[in-house]
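Structure, as structure tokens:
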Amino acid sequence: MNKITNRQAICETLLDAAKTDKDIVVLCSDSRGSASLTPFAKEYPEQFVEVGIAEQNLVSVSAGLAACGKKVFAASPASFLSTRSYEQAKIDVAYSNTNVTLVGISGGISYGALGMSHHSCQDIAAFCALPDMRVYLPSDRFQTAELMKTLLKDNKPAYVRVSRSATEDVYNADMNFTLDRANVLKEAGEVTLIACGEMVPYAVEAARLLEEKGIQTGIIDMYCLKPIDREVIIDAAKKSKLLVTIEEHSIYGGLGSLVSQITAEEYPVRVKQIALPDGHLVSGTNKEVFTYYGMDAKGIAGTVKNALTEG
């Protein structure tokens, strides 16, 4: 069982890159521990900035550093980064096209029992709506590391959301990674599961359960929400009679909405969304909440079987 979080993968990647690149700067909003960036702060104190609990300042200072030629990575809980500093993300980062990677840690319902104030169930919709802002939800430590290595080489704005707990490995250290192209983990079948972020391992397990029942199931890891891989979605729509989107996000404005929009325009097919419902969510650990809303492997498989029966 994997115990290395995506947050740790980010820190390890930045630590390695900073050995030879002194333009890398990491900022936190009193969140170096939560972001697993304490090792970076200790190793490279001159390349680390602590702004305190001031998310708006975090983003604006980051944009200023980027305007001076720095490669900036700003980490803060996704729930606050995507709401309190949204104006700064819009103007100082996206509109100004600065080289800032905003890292939303403990995304979705990672904080579990802390409740709605600490959930980030709207961040995909919010950041996808910002012009020139890219949005990524990597699924495991290996994909996270490859994404960060790639973002270190470009100079465009990005929002990266990662979970708090360790996720099961989907890939390995030799994975093939291409920026802005979804990974087809299993070719389309009668049904194709399209998942992002922490939901990908659940989708993989759900596909195994469905295959045991004789249901051919494809799997797409749509880690790139913007720009989204339209080609792979349309291809799956042509091969499957049902697409099922799975995301740790509100049912409004996220992966399910994006896939539905694309298929409606290009190749109409039935789309079933598995996401967090509107309204106040139940409290509990993230796994407890996933189980309650049918977002774990067993729940996903059950929803698929019911949808195929209904169809």
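FYI, nothing fancy with the structure tokens labels: chains A, B, ... in order, residues from 1 per chain, ligands from 1 as they appear.
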
For range 280-284 of chain A, please output as a PDB file with all heavy atoms, in the first residue's frame all residues within 7 Å (counting only C-alpha atoms; exclusion window: fewer than 3 positions along the same chain).
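Wrote result_33.pdb, looks like this:
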```
ATOM      1  N   GLY A 112     -12.298  16.310   5.358  1.00  0.00           N
ATOM      2  CA  GLY A 112     -13.322  15.472   5.943  1.00  0.00           C
ATOM      3  C   GLY A 112     -14.183  16.114   6.999  1.00  0.00           C
ATOM      4  O   GLY A 112     -15.043  16.944   6.714  1.00  0.00           O
ATOM      5  N   ALA A 113     -13.927  15.750   8.256  1.00  0.00           N
ATOM      6  CA  ALA A 113     -14.785  16.156   9.367  1.00  0.00           C
ATOM      7  C   ALA A 113     -14.765  17.655   9.643  1.00  0.00           C
ATOM      8  O   ALA A 113     -15.628  18.149  10.384  1.00  0.00           O
ATOM      9  CB  ALA A 113     -14.395  15.392  10.627  1.00  0.00           C
ATOM     10  N   GLY A 115     -15.573  19.844   7.656  1.00  0.00           N
ATOM     11  CA  GLY A 115     -16.807  20.339   7.069  1.00  0.00           C
ATOM     12  C   GLY A 115     -16.662  21.282   5.893  1.00  0.00           C
ATOM     13  O   GLY A 115     -15.582  21.474   5.336  1.00  0.00           O
ATOM     14  N   GLU A 288     -15.093   7.787   4.185  1.00  0.00           N
ATOM     15  CA  GLU A 288     -16.462   7.625   4.671  1.00  0.00           C
ATOM     16  C   GLU A 288     -17.443   8.414   3.809  1.00  0.00           C
ATOM     17  O   GLU A 288     -18.541   7.933   3.492  1.00  0.00           O
ATOM     18  CB  GLU A 288     -16.563   8.062   6.130  1.00  0.00           C
ATOM     19  CG  GLU A 288     -15.879   7.122   7.109  1.00  0.00           C
ATOM     20  CD  GLU A 288     -15.817   7.676   8.522  1.00  0.00           C
ATOM     21  OE1 GLU A 288     -15.964   8.914   8.691  1.00  0.00           O
ATOM     22  OE2 GLU A 288     -15.597   6.884   9.454  1.00  0.00           O
ATOM     23  N   VAL A 289     -17.044   9.621   3.435  1.00  0.00           N
ATOM     24  CA  VAL A 289     -17.913  10.455   2.593  1.00  0.00           C
ATOM     25  C   VAL A 289     -18.053   9.843   1.199  1.00  0.00           C
ATOM     26  O   VAL A 289     -19.147   9.812   0.627  1.00  0.00           O
ATOM     27  CB  VAL A 289     -17.371  11.897   2.512  1.00  0.00           C
ATOM     28  CG1 VAL A 289     -18.228  12.734   1.568  1.00  0.00           C
ATOM     29  CG2 VAL A 289     -17.350  12.536   3.895  1.00  0.00           C
TER      30      VAL A 289
END
```

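The residue that comes closest to Gln47 in chain A, out of A:Ser34, A:Val59, A:Thr291, A:Phe73 and on the basis of only C-alpha atoms, is A:Phe73.
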
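Between CA of Thr150 in chain A and CA of Ala89 in chain A there is a distance of 21.0 Å.
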
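Distance check against Val259 in chain A using only C-alpha atoms: of A:Pro45, A:Tyr292, A:Ile194, A:Gly218, the minimum falls on A:Ile194.
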
Within 12 Å of Ala182 in chain A, counting only C-alpha atoms, which residues qualify if same-chain residues fewer than 2 places away don't, as an MDAnalysis selection string? chainID A and resid 136:139 143 176:180 184:186 194:197 200 219:233 235:236

How about saving the chosen residues, N, CA, C and O atoms kept, as a compact mmCIF listing (two decimals), in the first residue's frame?
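What ended up in part-v5.txt:
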```
# COMPACT_ATOMS: atom_id res chain seq x y z
N TYR A 136 -5.08 21.12 -13.42
CA TYR A 136 -4.63 19.74 -13.39
C TYR A 136 -4.96 19.07 -12.06
O TYR A 136 -4.75 19.66 -11.00
N LEU A 137 -5.43 17.82 -12.12
CA LEU A 137 -5.67 17.01 -10.94
C LEU A 137 -4.96 15.67 -11.13
O LEU A 137 -5.55 14.70 -11.62
N PRO A 138 -3.68 15.59 -10.79
CA PRO A 138 -2.95 14.32 -10.96
C PRO A 138 -3.47 13.26 -10.00
O PRO A 138 -3.96 13.58 -8.91
N SER A 139 -3.35 12.01 -10.41
CA SER A 139 -3.96 10.92 -9.64
C SER A 139 -3.06 10.30 -8.59
O SER A 139 -3.54 9.93 -7.53
N GLN A 143 2.49 10.42 -11.30
CA GLN A 143 1.94 11.39 -12.24
C GLN A 143 2.16 12.82 -11.73
O GLN A 143 2.45 13.73 -12.51
N ASN A 176 4.75 6.95 -18.99
CA ASN A 176 4.82 7.92 -20.08
C ASN A 176 3.90 9.07 -19.76
O ASN A 176 2.72 8.87 -19.45
N PHE A 177 4.42 10.29 -19.82
CA PHE A 177 3.61 11.46 -19.48
C PHE A 177 3.67 12.47 -20.60
O PHE A 177 4.74 12.83 -21.09
N THR A 178 2.50 12.93 -21.01
CA THR A 178 2.40 13.98 -22.01
C THR A 178 1.47 15.06 -21.48
O THR A 178 0.34 14.76 -21.08
N LEU A 179 1.95 16.29 -21.44
CA LEU A 179 1.16 17.39 -20.91
C LEU A 179 -0.09 17.60 -21.76
O LEU A 179 -0.03 17.60 -22.99
N ASP A 180 -1.21 17.75 -21.07
CA ASP A 180 -2.50 18.09 -21.69
C ASP A 180 -3.09 16.97 -22.55
O ASP A 180 -3.99 17.23 -23.35
N VAL A 184 -5.17 6.98 -21.34
CA VAL A 184 -6.14 5.89 -21.51
C VAL A 184 -5.56 4.67 -20.82
O VAL A 184 -4.63 4.03 -21.33
N LEU A 185 -6.10 4.35 -19.66
CA LEU A 185 -5.59 3.22 -18.89
C LEU A 185 -6.11 1.90 -19.41
O LEU A 185 -5.47 0.87 -19.27
N LYS A 186 -7.30 1.94 -20.00
CA LYS A 186 -7.89 0.74 -20.59
C LYS A 186 -8.82 1.19 -21.71
O LYS A 186 -9.61 2.11 -21.52
N ILE A 194 -14.46 7.87 -16.86
CA ILE A 194 -13.56 9.01 -17.02
C ILE A 194 -13.41 9.66 -15.65
O ILE A 194 -14.38 10.22 -15.12
N ALA A 195 -12.23 9.58 -15.07
CA ALA A 195 -12.02 10.07 -13.71
C ALA A 195 -10.84 11.03 -13.65
O ALA A 195 -10.02 11.09 -14.57
N CYS A 196 -10.77 11.77 -12.55
CA CYS A 196 -9.64 12.68 -12.35
C CYS A 196 -9.23 12.67 -10.88
O CYS A 196 -10.03 12.35 -9.99
N GLY A 197 -7.98 13.01 -10.62
CA GLY A 197 -7.48 13.13 -9.26
C GLY A 197 -7.59 11.86 -8.46
O GLY A 197 -7.32 10.75 -8.94
N VAL A 200 -9.30 8.41 -9.58
CA VAL A 200 -8.79 7.47 -10.57
C VAL A 200 -8.54 6.07 -9.99
O VAL A 200 -8.97 5.07 -10.58
N ILE A 219 -11.15 2.85 -19.14
CA ILE A 219 -10.78 3.80 -18.08
C ILE A 219 -9.94 4.92 -18.68
O ILE A 219 -8.94 4.64 -19.37
N ILE A 220 -10.32 6.15 -18.42
CA ILE A 220 -9.55 7.32 -18.85
C ILE A 220 -9.19 8.15 -17.63
O ILE A 220 -10.06 8.50 -16.83
N ASP A 221 -7.92 8.44 -17.49
CA ASP A 221 -7.45 9.34 -16.44
C ASP A 221 -7.39 10.74 -17.04
O ASP A 221 -6.45 11.09 -17.75
N MET A 222 -8.40 11.56 -16.75
CA MET A 222 -8.47 12.91 -17.29
C MET A 222 -7.86 13.88 -16.27
O MET A 222 -8.55 14.71 -15.68
N TYR A 223 -6.54 13.76 -16.09
CA TYR A 223 -5.86 14.63 -15.13
C TYR A 223 -5.84 16.08 -15.59
O TYR A 223 -5.72 17.01 -14.77
N CYS A 224 -5.96 16.30 -16.90
CA CYS A 224 -5.94 17.66 -17.46
C CYS A 224 -7.38 18.11 -17.69
O CYS A 224 -8.03 17.69 -18.64
N LEU A 225 -7.87 18.95 -16.81
CA LEU A 225 -9.24 19.46 -16.94
C LEU A 225 -9.30 20.65 -17.88
O LEU A 225 -10.31 20.89 -18.52
N LYS A 226 -8.21 21.40 -17.93
CA LYS A 226 -8.10 22.50 -18.88
C LYS A 226 -6.62 22.70 -19.20
O LYS A 226 -5.84 22.95 -18.29
N PRO A 227 -6.23 22.56 -20.48
CA PRO A 227 -7.10 22.19 -21.60
C PRO A 227 -7.48 20.72 -21.52
O PRO A 227 -6.64 19.88 -21.19
N ILE A 228 -8.72 20.42 -21.78
CA ILE A 228 -9.21 19.05 -21.69
C ILE A 228 -8.97 18.34 -23.01
O ILE A 228 -8.97 18.96 -24.08
N ASP A 229 -8.73 17.04 -22.94
CA ASP A 229 -8.43 16.25 -24.12
C ASP A 229 -9.73 15.86 -24.83
O ASP A 229 -10.32 14.82 -24.56
N ARG A 230 -10.19 16.71 -25.72
CA ARG A 230 -11.44 16.48 -26.43
C ARG A 230 -11.37 15.22 -27.29
O ARG A 230 -12.35 14.47 -27.40
N GLU A 231 -10.24 15.01 -27.91
CA GLU A 231 -10.09 13.88 -28.84
C GLU A 231 -10.34 12.54 -28.16
O GLU A 231 -11.06 11.69 -28.70
N VAL A 232 -9.78 12.36 -26.97
CA VAL A 232 -9.94 11.07 -26.30
C VAL A 232 -11.38 10.88 -25.81
O VAL A 232 -11.90 9.76 -25.78
N ILE A 233 -12.04 11.97 -25.46
CA ILE A 233 -13.45 11.90 -25.03
C ILE A 233 -14.34 11.50 -26.20
O ILE A 233 -15.21 10.63 -26.09
N ASP A 235 -13.48 9.95 -28.91
CA ASP A 235 -13.17 8.57 -29.29
C ASP A 235 -13.91 7.58 -28.39
O ASP A 235 -14.48 6.58 -28.87
N ALA A 236 -13.92 7.86 -27.08
CA ALA A 236 -14.63 6.99 -26.14
C ALA A 236 -16.13 7.02 -26.40
O ALA A 236 -16.82 5.99 -26.30
```

Do a neighbour search on Tyr44 in chain A at 12 Å with only C-alpha atoms, toss out local chain neighbours closer than 5 positions, and write the hits as a PyMOL selection string. chain A and resi 11+14-27+37-39+49

Selected residues written out, C-alpha atoms, as a compact mmCIF listing (two decimals), in the first residue's frame:
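After the write, out.txt holds the following:
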```txt
# COMPACT_ATOMS: atom_id res chain seq x y z
CA CYS A 11 8.25 18.64 -2.50
CA LEU A 14 11.07 20.81 -6.27
CA LEU A 15 13.93 19.84 -3.96
CA ASP A 16 15.67 18.01 -6.77
CA ALA A 17 15.14 20.82 -9.28
CA ALA A 18 16.31 23.53 -6.87
CA LYS A 19 19.76 21.92 -6.67
CA THR A 20 20.61 23.50 -10.01
CA ASP A 21 17.90 26.13 -10.50
CA LYS A 22 18.06 29.08 -8.12
CA ASP A 23 15.13 30.80 -9.83
CA ILE A 24 12.68 28.37 -8.24
CA VAL A 25 10.76 30.03 -5.41
CA VAL A 26 8.18 28.34 -3.18
CA LEU A 27 5.59 30.27 -1.16
CA LEU A 37 7.11 21.60 2.01
CA THR A 38 9.00 21.90 5.31
CA PRO A 39 12.02 20.05 3.83
CA VAL A 49 8.69 32.72 1.35
```

Practice task
Go through range 98-183 of chain A and collect every residue that DSSP, computed from the backbone, puts in strand (DSSP E); the answer should be as a VMD selection string.
Solution key: chain A and resid 100 to 105 134 to 136 158 to 161 183

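Omitting Ala78 in chain A and its sequence neighbours fewer than 2 positions away, and counting only C-alpha atoms, the residues within 8 Å are A:Ser76, A:Phe80, A:Leu81, A:Ser82, A:Val103, A:Gly104, A:Ile105, A:Ser106, A:Gly107, A:Gly108, A:His119, A:Ser120, A:Asp123, A:Arg161.
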
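Take the candidates A:Lys149, A:Arg32, A:Lys272, A:Lys287 and check each one against Met199 in chain A using only C-alpha atoms; the shortest distance goes to A:Lys287.
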
Next item on the list: Write out as an MDAnalysis selection string the residues lying within 9 Å of Thr217 in chain A, counting only C-alpha atoms and excluding same-chain residues fewer than 2 positions away.
Entry: chainID A and resid 186:193 207:208 210:211 215 219 240

Quick one: residues within 10 Å of Thr263 in chain A, only C-alpha atoms, excluding same-chain residues fewer than 2 positions away - as a VMD selection string?
chain A and resid 230 233 to 238 243 258 to 261 265 to 271

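One finds CA of Asp154 in chain A at 23.9 Å from CA of Gln56 in chain A.
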
Using only C-alpha atoms, the best pick from A:Ala264, A:Met295, A:Ala94, A:Ala166 as closest to Met1 in chain A would be A:Ala166
